[in-house]
Each structure stands twice: as structure tokens, then as C-alpha cells.
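Enquirer: A single structure is presented below for examination.
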There are 2 protein chains.
Amino acid sequence: MSNAGAPKPAHRLTVALGDRSYPIIIGSGQLSNSDELTSWLPGRQALLVTNETVAPLYLETVLRSLDGKHTQTLTLPDGEAHKTVASCEKVWDCLLEQRFERSCTVIALGGGVIGDLAGFAAAAYQRGVAFVQIPTTLLAQVDSSVGGKTGVNHPLGKNMIGAFHQPRGVIADTSVLTTLPEREISAGLAEVIKYGLIRDAEFFAWLETNIDALIARDEQTLAYAIERSCANKAAVVAADEREQGVRATLNLGHTFGHAIETATGYSSWLHGEAVGAGIAMAAHLAHSMDWLTTEDQARVQKLLRRAHLPVAPPAGISSQRFLELMAVDKKAQDGRIRLVLQHGIGHATVTDEVPEATLRATLDHFTGGQ
Amino acid sequence: MSNAGAPKPAHRLTVALGDRSYPIIIGSGQLSNSDELTSWLPGRQALLVTNETVAPLYLETVLRSLDGKHTQTLTLPDGEAHKTVASCEKVWDCLLEQRFERSCTVIALGGGVIGDLAGFAAAAYQRGVAFVQIPTTLLAQVDSSVGGKTGVNHPLGKNMIGAFHQPRGVIADTSVLTTLPEREISAGLAEVIKYGLIRDAEFFAWLETNIDALIARDEQTLAYAIERSCANKAAVVAADEREQGVRATLNLGHTFGHAIETATGYSSWLHGEAVGAGIAMAAHLAHSMDWLTTEDQARVQKLLRRAHLPVAPPAGISSQRFLELMAVDKKAQDGRIRLVLQHGIGHATVTDEVPEATLRATLDHFTGGQ
């Protein structure tokens, strides 16, 4: 499956959302796909939002692809700590100082942080301008580039301020993954594994076969994993754009994961690492509920480990603190914690039926009962 | 028409927007309409956002109508200067500190500033929660309560940050208008007159007959003017929710008006006063284009004056400054200023065909050629 032949032509996937449908272009060297990129801009003005890590690597290539457009660049500091309303205000300041009109486009070049915040800035500028995503991490390519969720963090909760705002198009260039730190590849694989777990058992088995090639960044194996992940997410989002139902299953591992990120101040662990630990915690809980066999729980744990992901939260977060943070989760209803849990591998549901004692026992298992 | 008989039952108007349709309840004493108000709340949590001027007058009544709901109150300072991202952050802080869930409702009790900012805060909180409007100024009742435009100002432009977010329902209580300062009544009448000018010549004639009763705050005359204004706006919004076309005609007088507000720092004139002057300026320009007869221009001027509205901008804004500020307007496209102009009374179109010299001559007429 993972042979390094001649570069294949780009894959093109459509996220089907009626008049908000858009393409995802996946392949090696696609940052230079000027024809596709410029075709998504409704006007001549574009603001490219990126960060200090990504800019030296890829900014020039993308600016070349935007040749002929009136493009400004805003380079923000790197990191989840900058996914704030204050960063959005920098985007708005820049757009207004340059007199950008309603026909302008905001282009996000970077990981999930840049994509989410630039997307929200685009959603709110003049009540909504065009938005294009060029995700440069595996996690952003398989997750935040599909589905139109944008937003920023609040000190009291992650992604609490935001909007649904679909991009005009997404470019997922697999060659940018070769410069990613290993931790970032693993973090992205947490979301990839998630798609297998919630709705695609065949893909989960494929991942068990190909995880080493993915860790080794074989571009064609990565392209396949990205395409299948995006196709899975696109199918879920097409069925439930505003997360009234099935879309919530995409949050497998995220309620635990967000609690880890909030407790640690969004700084020590990457989002995908927190999700990896969260998936392991959710699998433990599903096993406690008799929804997942001992063997399947072991398969989940093993694949996470082979992807070099944590399978437990960091020390120092008590069960009580977990419960408090999980109660603030966006899925909470009338004070009841709602969780996404697996039913075997390849199926998941949203439930508020987990007895508090069962949840507490899983938390105590991972926190040592603090 | 304007007789003070027994209080009539409330008028109910529906803004037809498919699954985002909502009712507007118009009438005396409707702040106490607890049944209607509470029926719009999807969950038990409500945050009431109001300001220091309105709170002492009406907060208690509305809280009584919300009896049985878990309601928090956030009281902001009064005035357009507080229609900022920073005020939205106060709303978000409050929602998160109280652990408000996605099923919560934000209720705006106040004028256009409170409605616009609380509406944007609701649009962005957890990517969108329920929103209810209780407008307490005439301007808010006839304008911002219909159509779902929410937003806040930026130092470089008015309403530049925002969202389209429809309320679940609107209560327009005519009895609150009796405590309004006279300037606020006049400011609201600027928008009322606008509806006659852009699409309802019969209503314009009715206003010529009834303007004195409106200024005298006769409640039944006001209720009729509010209902017909809202019906006009609702028809326009239903035809063009996202302002791709005809909705832009609602901005008659606003491109000039926004320039006045920005130039004066949003503080010296009320929005409706700036719109009044803007309507007079637009009428002058339409007359220069031979789109409005001398007689009709005089009718516009006369009705504005009888409504105690300014018919010229404040001194000190040069023609050049007007042109600069108008170029930042949201309607601008490819650097061309687009204006809403009347074709007679009862019709208006959006145009970018005004020769610069003609616009300049109108500006010079009002600014003394500075």
C-alpha cells in the first residue's frame, strides 16, 4: 500500500453542503496549485493569516500562487495560547486598516489554531467574508479543514466563541507534512484513528496495517489516510451540519481531551495528544459499560501506542477536576454530562446514560483515585 | 387615527424566514407577556443583557415575566461607545462563569446597541445560542429587531464585526416609548420615514398626516407605525436575508449617516439623527440625478423637519473626509462607492453610477465646499 512511486495527480473530494459545498484538494506539491486557489477568491483582495513557524517554510510559495491578487499577510505567534479573541482583533484591525471589502478572502495557512481563528475572523468580518484553508498539519488536514467549525478559546473553555463558516476550498498538501515534528504527526493520527473507531471499521483495520508507513510519512499512504478521513468527516457533516445529532460523534475522546487541555492551560499537550488520551479513556469507559470487548479495547490501546500517542492523562488532574471541566463541555445539557462512546469498533453514539459511579470509576482508574 | 381608546390586544407579525421564522409582538404592556416570552426559550438558562439606563425602568418587570427560569443579568454602560468586542467579551465571561449551556438564551433588553451586541454575543457563544429581543427604543423596535443583523463597531468602521443571527422572538412594548427622550423618538422616526421612502408611498403619506401624533407618543399611532415599519422590513428581509440584493435599499441614508457617526466618534449624534441627515443628503443627490422632483425633495425635507430631525450633517466634516469614510462602507465594491438612492417617493435602488463630480457637488453643498 505504501510504495513511493511517481507523484500521483491530486485527489479531489467534495464536501456536499448544498450552496455551501466546497472542494478539498489533496496531494503532493498542491501549495503551488495557483489555478485552483485563485478560482476560490470572489474578489481581488486576500489576507493571508499564518504563524511564525509556518511563514518561513511556505509563505513564499503560497504568495506566488496568489500572484495577481492584492494580498496582505498577517503573521501571528505560534501556539494554542494565541487562539484568542485578541488574535481575531488583530485580523480585523488588519482587514480594516487595508480597507478590505466584503468581497475579500481570508486565507488560513497553518495548523488548526490558525484555521479556527482565521475562520472565525472571516465569519464575523462584515458579517461574513470568503475563507480558504491551507492546513499545514496532519491534524488540520483531516479535521478542522472539514465541516466549517471555527472559533477561539476562552480562559474558561475551549472553542467557546465561534461560528459555523464553511470555506470556499481547502488545499491539503502532503509534502508539508515532511517538515512536521513527529509529535504533530502523532497528534493528527489521533483524529485519523477516531474516524475508524466511530464509523469505519475497515479503515481502522487498514490503519493497523499501515500505521508504521504513516509514522514514517510516506506521502501516498498519508494522502490515502487524509482522503478517507476527510470523506468520513464530510459524510457526517453533510448529514448534520449544525451538530443537532450524529455530528457529535466526531467528538469521541474530546470531552476527556478538552478537560485535559483546559486543566493544563492548552500549552503542555497538543490537541491531538489530549484526544489520544481521551480516546483511551472513552474506550475504558465503553468497556466498563460492556459496549466494547476486552479485545477491542486492547486493539484501540495498541494502535494509539503504535501512533506514539499517550493512552492516559497527564498526572495531577484529579477525578473531581475532570468532572468539573467536563460539565462545561458544549455537549452538556441541563447539567448532565454527555459523552460519545463506542459500540464496538466502527460505531459510536452520544449518551447521557453513563452512571456517575461508572464514569467516576474510569476517572479514578486513570487519576489514581485523587 | 390617533385616538386613545381602551388598550387594544397585541399585534402579532411573523418574519417569514423558513425554519428561522419568528414572531414580533407589538402592543402596550407586552413586557409582562410572560407566556409568549418564556415559550421562546429552548432551555432553562437565560442571560438578560441590558444597560444602566433601561435597567431601573424595566428590568424588574421582565425578570418577573421570566419567573421560573434560571436568569442572570448583565448591566452594561449606556451608549454606542460601548458597542464593542470588549462588551461582547463581558457577555461571554458572564455566560461561561455561570456555565451556561448551548441550550441557553441571551435576552437583549434595551436599544439598538444592546440588541446588536447581545445578538452577536449570542451568535458566537458556543457557535450560536438562542436570542430574544426586547427593544426599548423606537429605533430598535422598527429596525434592529427585524432581520437578524447583529454586530459591534470597530474604531475604523461601524458594525464591521458581526453575524446574521435571527432572534426566536421580539417584544415591542409601546408603553416603554413614553419614557424615551424626545431625541430618541425622532431618531426612530428617521427609520420609519425611510420605509415610506424606499417602498411604501402610501405609508409616507400616512406619516405626513400623523407625524404630530407620533411625536406626541400616541400609543396606538405608534403601534401602527411600528407594525407597518416591521412589515415593510420583514418583506425585504424575507426576500433577501443575506443582503445579496434588495436588502441593501434598507440602507437609504446610511452611507452618509455612518460617515457622520464615524467622523464624530459615535458619540454626539444618535444613529437615527445621522440617518435623518443622511436621508436629506441622499434626497439632494437623487434630485441632482433627476431621480427626485424638486417637490418630492421638499416633501422629504419637510417631514424630516417635522420629525425634529437634522437635515444636514454637523459642521466640521469636509467633503474629502466624507469620501474617505464612505469608501470603507460595507456596500463598497472594488473601491467604488455604492449608494442607495430614491427614484421618486416609494422606490429606491442601489447604484454605483453616481458620477464622482455629482456626489462631490452634493457633499460640497452640505459642507460648504471644505
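Please note that chains go A, B, ... in the order of the C-alpha cells, that every chain numbers its residues from 1, and that ligands are numbered from 1 in the order shown.
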Counting only C-alpha atoms, collect the residues of chain A whose closest atom lies at most 10 Å from chain B, and write them out as a PyMOL selection string.
Expert: chain A and resi 43-45+85-86+89+92-93+96-104+120-128+149-152+154-165+242+327-335
Enquirer: Just write the chosen residues, N, CA and C atoms, as a compact mmCIF listing (two decimals), in the first residue's frame.
Expert:
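Output file out-v6.txt is given in full below:
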# COMPACT_ATOMS: atom_id res chain seq x y z
N GLY A 43 -13.14 38.13 -4.88
CA GLY A 43 -12.67 39.47 -5.25
C GLY A 43 -11.17 39.47 -5.40
N ARG A 44 -10.60 40.66 -5.50
CA ARG A 44 -9.16 40.75 -5.73
C ARG A 44 -8.37 40.82 -4.43
N GLN A 45 -9.05 41.08 -3.28
CA GLN A 45 -8.32 41.27 -2.03
C GLN A 45 -8.25 39.97 -1.22
N VAL A 85 -9.71 35.76 21.25
CA VAL A 85 -10.42 36.90 20.67
C VAL A 85 -9.43 38.01 20.31
N ALA A 86 -8.38 38.17 21.14
CA ALA A 86 -7.38 39.22 20.86
C ALA A 86 -6.70 38.99 19.51
N GLU A 89 -8.98 40.05 16.83
CA GLU A 89 -8.99 41.51 16.69
C GLU A 89 -7.82 41.99 15.84
N TRP A 92 -8.99 41.57 12.35
CA TRP A 92 -9.96 42.61 11.98
C TRP A 92 -9.27 43.97 11.79
N ASP A 93 -8.32 44.29 12.69
CA ASP A 93 -7.56 45.54 12.54
C ASP A 93 -6.90 45.59 11.16
N LEU A 96 -9.38 46.06 8.28
CA LEU A 96 -9.94 47.41 8.21
C LEU A 96 -8.89 48.44 7.84
N GLU A 97 -7.66 48.26 8.37
CA GLU A 97 -6.60 49.21 8.01
C GLU A 97 -6.34 49.17 6.50
N GLN A 98 -6.48 47.98 5.91
CA GLN A 98 -6.26 47.84 4.47
C GLN A 98 -7.55 48.08 3.68
N ARG A 99 -8.62 48.48 4.37
CA ARG A 99 -9.91 48.73 3.73
C ARG A 99 -10.41 47.54 2.93
N PHE A 100 -10.31 46.37 3.50
CA PHE A 100 -10.77 45.18 2.80
C PHE A 100 -12.30 45.17 2.76
N GLU A 101 -12.82 44.89 1.57
CA GLU A 101 -14.26 44.94 1.34
C GLU A 101 -14.91 43.59 1.60
N ARG A 102 -16.23 43.59 1.48
CA ARG A 102 -16.99 42.38 1.74
C ARG A 102 -16.66 41.26 0.75
N SER A 103 -16.09 41.63 -0.38
CA SER A 103 -15.73 40.62 -1.40
C SER A 103 -14.33 40.06 -1.18
N CYS A 104 -13.70 40.39 -0.04
CA CYS A 104 -12.33 39.91 0.21
C CYS A 104 -12.35 38.45 0.68
N PHE A 120 -12.99 32.12 12.13
CA PHE A 120 -13.94 32.91 12.90
C PHE A 120 -13.82 34.39 12.55
N ALA A 121 -12.58 34.85 12.38
CA ALA A 121 -12.39 36.26 11.99
C ALA A 121 -13.09 36.52 10.65
N ALA A 122 -13.00 35.58 9.71
CA ALA A 122 -13.68 35.73 8.41
C ALA A 122 -15.19 35.68 8.58
N ALA A 123 -15.67 34.81 9.47
CA ALA A 123 -17.12 34.68 9.68
C ALA A 123 -17.72 35.97 10.21
N ALA A 124 -16.96 36.67 11.06
CA ALA A 124 -17.51 37.86 11.72
C ALA A 124 -17.19 39.16 10.99
N TYR A 125 -16.18 39.16 10.12
CA TYR A 125 -15.82 40.40 9.44
C TYR A 125 -16.93 40.78 8.45
N GLN A 126 -17.50 41.95 8.64
CA GLN A 126 -18.61 42.42 7.82
C GLN A 126 -19.71 41.35 7.73
N ARG A 127 -19.90 40.61 8.84
CA ARG A 127 -20.89 39.53 8.97
C ARG A 127 -20.63 38.37 8.01
N GLY A 128 -19.35 38.20 7.60
CA GLY A 128 -19.03 37.00 6.83
C GLY A 128 -18.40 37.28 5.48
N LYS A 149 -16.45 24.37 11.33
CA LYS A 149 -16.41 24.86 12.71
C LYS A 149 -15.22 25.80 12.85
N THR A 150 -15.50 27.01 13.29
CA THR A 150 -14.42 27.97 13.53
C THR A 150 -14.56 28.47 14.95
N GLY A 151 -13.51 29.05 15.51
CA GLY A 151 -13.66 29.59 16.84
C GLY A 151 -12.36 29.80 17.57
N VAL A 152 -12.48 30.42 18.73
CA VAL A 152 -11.32 30.67 19.58
C VAL A 152 -11.65 30.21 21.01
N HIS A 154 -11.67 30.47 25.26
CA HIS A 154 -11.90 31.40 26.36
C HIS A 154 -11.15 30.80 27.56
N PRO A 155 -10.65 31.63 28.48
CA PRO A 155 -9.94 31.03 29.62
C PRO A 155 -10.77 29.96 30.33
N LEU A 156 -12.09 30.03 30.24
CA LEU A 156 -12.94 29.05 30.93
C LEU A 156 -13.39 27.90 30.03
N GLY A 157 -12.94 27.86 28.79
CA GLY A 157 -13.36 26.73 27.94
C GLY A 157 -12.85 26.87 26.52
N LYS A 158 -12.62 25.70 25.92
CA LYS A 158 -12.02 25.66 24.58
C LYS A 158 -13.09 25.87 23.51
N ASN A 159 -12.77 26.60 22.48
CA ASN A 159 -13.67 26.80 21.33
C ASN A 159 -15.03 27.33 21.74
N MET A 160 -15.08 28.11 22.80
CA MET A 160 -16.38 28.56 23.31
C MET A 160 -16.96 29.71 22.50
N ILE A 161 -16.09 30.43 21.75
CA ILE A 161 -16.56 31.57 20.96
C ILE A 161 -16.29 31.23 19.50
N GLY A 162 -17.32 31.20 18.68
CA GLY A 162 -17.06 30.83 17.29
C GLY A 162 -18.28 30.89 16.40
N ALA A 163 -18.15 30.28 15.24
CA ALA A 163 -19.23 30.30 14.25
C ALA A 163 -19.11 29.08 13.35
N PHE A 164 -20.21 28.72 12.71
CA PHE A 164 -20.15 27.78 11.60
C PHE A 164 -19.91 28.60 10.34
N HIS A 165 -18.81 28.37 9.67
CA HIS A 165 -18.49 29.15 8.48
C HIS A 165 -17.70 28.26 7.53
N ARG A 242 -25.08 21.41 11.55
CA ARG A 242 -25.08 22.26 12.75
C ARG A 242 -25.00 21.46 14.05
N ALA A 327 -18.29 19.17 32.81
CA ALA A 327 -19.63 19.74 32.94
C ALA A 327 -19.78 21.02 32.11
N VAL A 328 -18.66 21.68 31.76
CA VAL A 328 -18.70 22.92 30.96
C VAL A 328 -18.72 22.61 29.46
N ASP A 329 -18.51 21.35 29.11
CA ASP A 329 -18.44 20.96 27.70
C ASP A 329 -19.70 21.40 26.95
N LYS A 330 -19.51 21.75 25.66
CA LYS A 330 -20.64 22.25 24.85
C LYS A 330 -21.73 21.22 24.68
N LYS A 331 -21.40 19.92 24.84
CA LYS A 331 -22.43 18.90 24.69
C LYS A 331 -23.31 18.76 25.95
N ALA A 332 -22.87 19.38 27.06
CA ALA A 332 -23.64 19.25 28.30
C ALA A 332 -25.07 19.78 28.11
N GLN A 333 -26.03 19.10 28.71
CA GLN A 333 -27.44 19.54 28.64
C GLN A 333 -28.07 19.43 30.01
N ASP A 334 -28.68 20.52 30.47
CA ASP A 334 -29.33 20.55 31.76
C ASP A 334 -28.42 19.98 32.85
N GLY A 335 -27.12 20.31 32.75
CA GLY A 335 -26.17 19.92 33.78
C GLY A 335 -25.69 18.48 33.67
Enquirer: Please list as an MDAnalysis selection string every residue within 12 Å of Val275 in chain A, counting only C-alpha atoms and excluding residues in the same chain fewer than 2 positions away.
Expert: chainID A and resid 139 186:194 250:261 269:273 277:283 304 309:313
Enquirer: Next, dump the selected residues to file, keeping only C-alpha atoms, as a JSON list (two decimals), in the first residue's frame.
Expert:
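As written to disk, again.json reads:
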[["chain", "number", "residue", "atom", "x", "y", "z"],
["A", 139, "LEU", "CA", -4.50, 17.20, 12.30],
["A", 186, "SER", "CA", 1.03, 11.50, 16.02],
["A", 187, "ALA", "CA", -1.42, 14.19, 17.11],
["A", 188, "GLY", "CA", -3.02, 14.12, 13.65],
["A", 189, "LEU", "CA", -3.23, 10.34, 13.72],
["A", 190, "ALA", "CA", -5.40, 10.56, 16.85],
["A", 191, "GLU", "CA", -8.16, 12.11, 14.71],
["A", 192, "VAL", "CA", -7.49, 9.68, 11.86],
["A", 193, "ILE", "CA", -7.89, 6.72, 14.24],
["A", 194, "LYS", "CA", -11.07, 8.32, 15.55],
["A", 250, "LEU", "CA", -16.94, 13.26, 15.89],
["A", 251, "ASN", "CA", -16.16, 14.31, 19.45],
["A", 252, "LEU", "CA", -15.13, 10.80, 20.53],
["A", 253, "GLY", "CA", -12.39, 11.31, 23.12],
["A", 254, "HIS", "CA", -12.84, 15.09, 23.02],
["A", 255, "THR", "CA", -14.78, 15.62, 26.24],
["A", 256, "PHE", "CA", -11.96, 14.00, 28.19],
["A", 257, "GLY", "CA", -9.42, 15.61, 25.87],
["A", 258, "HIS", "CA", -10.78, 19.15, 26.28],
["A", 259, "ALA", "CA", -10.75, 18.71, 30.05],
["A", 260, "ILE", "CA", -7.05, 17.77, 29.84],
["A", 261, "GLU", "CA", -6.28, 20.77, 27.65],
["A", 269, "TRP", "CA", -0.02, 18.81, 25.25],
["A", 270, "LEU", "CA", -1.05, 19.12, 21.64],
["A", 271, "HIS", "CA", -4.79, 18.87, 20.96],
["A", 272, "GLY", "CA", -4.35, 15.50, 19.21],
["A", 273, "GLU", "CA", -2.34, 14.13, 22.11],
["A", 277, "ALA", "CA", -5.59, 10.02, 25.81],
["A", 278, "GLY", "CA", -9.30, 10.87, 25.65],
["A", 279, "ILE", "CA", -9.97, 8.06, 23.18],
["A", 280, "ALA", "CA", -8.20, 5.63, 25.52],
["A", 281, "MET", "CA", -10.30, 6.90, 28.45],
["A", 282, "ALA", "CA", -13.51, 6.65, 26.42],
["A", 283, "ALA", "CA", -12.59, 3.10, 25.40],
["A", 304, "LEU", "CA", -2.75, 4.56, 19.88],
["A", 309, "LEU", "CA", 0.11, 8.74, 21.41],
["A", 310, "PRO", "CA", -0.49, 8.95, 25.17],
["A", 311, "VAL", "CA", -3.08, 6.46, 26.47],
["A", 312, "ALA", "CA", -3.64, 8.18, 29.83],
["A", 313, "PRO", "CA", -3.98, 11.79, 31.02]]
Enquirer: Find the residues around Asn33 in chain B up to 9 Å (only C-alpha atoms counted), leave out those fewer than 5 positions away in its own chain, and share them as a compact mmCIF listing (two decimals) with N, CA and C atoms, in the first residue's frame.
Expert:
# COMPACT_ATOMS: atom_id res chain seq x y z
N THR B 38 -41.52 33.28 27.63
CA THR B 38 -40.91 32.03 28.08
C THR B 38 -41.05 30.92 27.05
N VAL B 62 -39.43 42.56 33.43
CA VAL B 62 -39.04 41.45 32.56
C VAL B 62 -38.62 40.23 33.40
N SER B 65 -41.54 38.42 34.35
CA SER B 65 -42.08 37.61 33.24
C SER B 65 -41.28 36.33 33.02
N ILE B 171 -40.34 41.31 21.42
CA ILE B 171 -41.45 42.01 22.08
C ILE B 171 -41.22 43.51 21.95
Enquirer: Show me, as a list in words, the residues that have an atom within 9 Å of Tyr195 in chain B when counting only C-alpha atoms, minus same-chain residues fewer than 6 positions from it.
Expert: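 Contacts, in chain order: Ala201, Phe203, Phe204, Arg228, Ser229, Asn232, Lys233, Leu250 and Gly346 of chain B.
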Enquirer: Export C-alpha atoms of the chosen residues as a PDB file, in the first residue's frame?
Expert:
ATOM      1  CA  ALA B 201     -45.534  55.734  -0.722  1.00  0.00           C
ATOM      2  CA  PHE B 203     -47.214  54.901   4.353  1.00  0.00           C
ATOM      3  CA  PHE B 204     -45.193  58.050   3.603  1.00  0.00           C
ATOM      4  CA  ARG B 228     -46.147  48.795   9.258  1.00  0.00           C
ATOM      5  CA  SER B 229     -42.404  49.521   9.527  1.00  0.00           C
ATOM      6  CA  ASN B 232     -42.016  46.501   5.355  1.00  0.00           C
ATOM      7  CA  LYS B 233     -38.654  45.426   6.712  1.00  0.00           C
ATOM      8  CA  LEU B 250     -32.770  49.483   3.684  1.00  0.00           C
ATOM      9  CA  GLY B 346     -41.714  54.857  -2.553  1.00  0.00           C
TER      10      GLY B 346
END
Enquirer: Within 10 Å of range 12-15 of chain B, which residues of range 158-184 of chain B show up? Give each one with its shortest atom-to-atom distance in Å (one decimal) and the two atoms involved, counting only C-alpha atoms, rows by chain then rising residue number, as JSON lines.
Expert:
{"residue": "B:Gln166", "atom": "CA", "partner": "B:Val15", "partner_atom": "CA", "distance": 9.8}
{"residue": "B:Gly169", "atom": "CA", "partner": "B:Thr14", "partner_atom": "CA", "distance": 9.2}
{"residue": "B:Val170", "atom": "CA", "partner": "B:Leu13", "partner_atom": "CA", "distance": 9.7}
{"residue": "B:Ile171", "atom": "CA", "partner": "B:Arg12", "partner_atom": "CA", "distance": 9.6}
Enquirer: Report as a ChimeraX atom specification all protein, DNA and RNA residues lying within 9 Å of range 19-32 of chain B, evaluated on only C-alpha atoms, omitting residues in the same chain fewer than 4 positions from it.
Expert: /B:7-15,36-37,58,61-62,64-65,134,141,145-146,166-176,219-220,223,226-227,230
Enquirer: For Leu76 in chain B, which residue among B:Ala225, B:Ile114, B:Ala238, B:Ala274 is the nearest when counting only C-alpha atoms?
Expert: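 The closest residue to Leu76 in chain B is B:Ile114.
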Enquirer: Run DSSP on the backbone and grab whatever in range 90-319 of chain A lands in helix (DSSP H, G or I); send it over as a PyMOL selection string.
Expert: chain A and resi 90-97+112-124+138-144+174-179+182-199+201-215+219-239+246-251+254-263+271-288+294-306+319
Enquirer: Go ahead and compute the interatomic distance for CA of Val106 in chain B and CA of Val237 in chain A, in Å to one decimal.
Expert: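 We find that CA of Val106 in chain B and CA of Val237 in chain A lie 26.8 Å from each other.
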Enquirer: Rounded to one decimal place, report the CA of Lys302 in chain A-CA of Ile337 in chain A distance in Å.
Expert: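 Taking CA of Lys302 in chain A as the start and CA of Ile337 in chain A as the end point, the length is 27.8 Å.
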Enquirer: Excluding Ala213 in chain B and residues on its chain fewer than 3 positions from it, collect all residues at most 12 Å away from it, counting only C-alpha atoms, and give them as a list in words.
Expert: Met1, Ser2, Asn3, Ala4, Ile185, Leu189, Trp206, Leu207, Glu208, Thr209, Asn210, Ala216, Arg217, Asp218, Glu219, Gln220, Thr221, Leu222, Ala223, Tyr224, Ala225, Arg306 and Ala307 of chain B
Enquirer: Take CA of Phe322 in chain A and CA of Ala361 in chain A and report the distance between them in Å, one decimal.
Expert: 12.2 Å
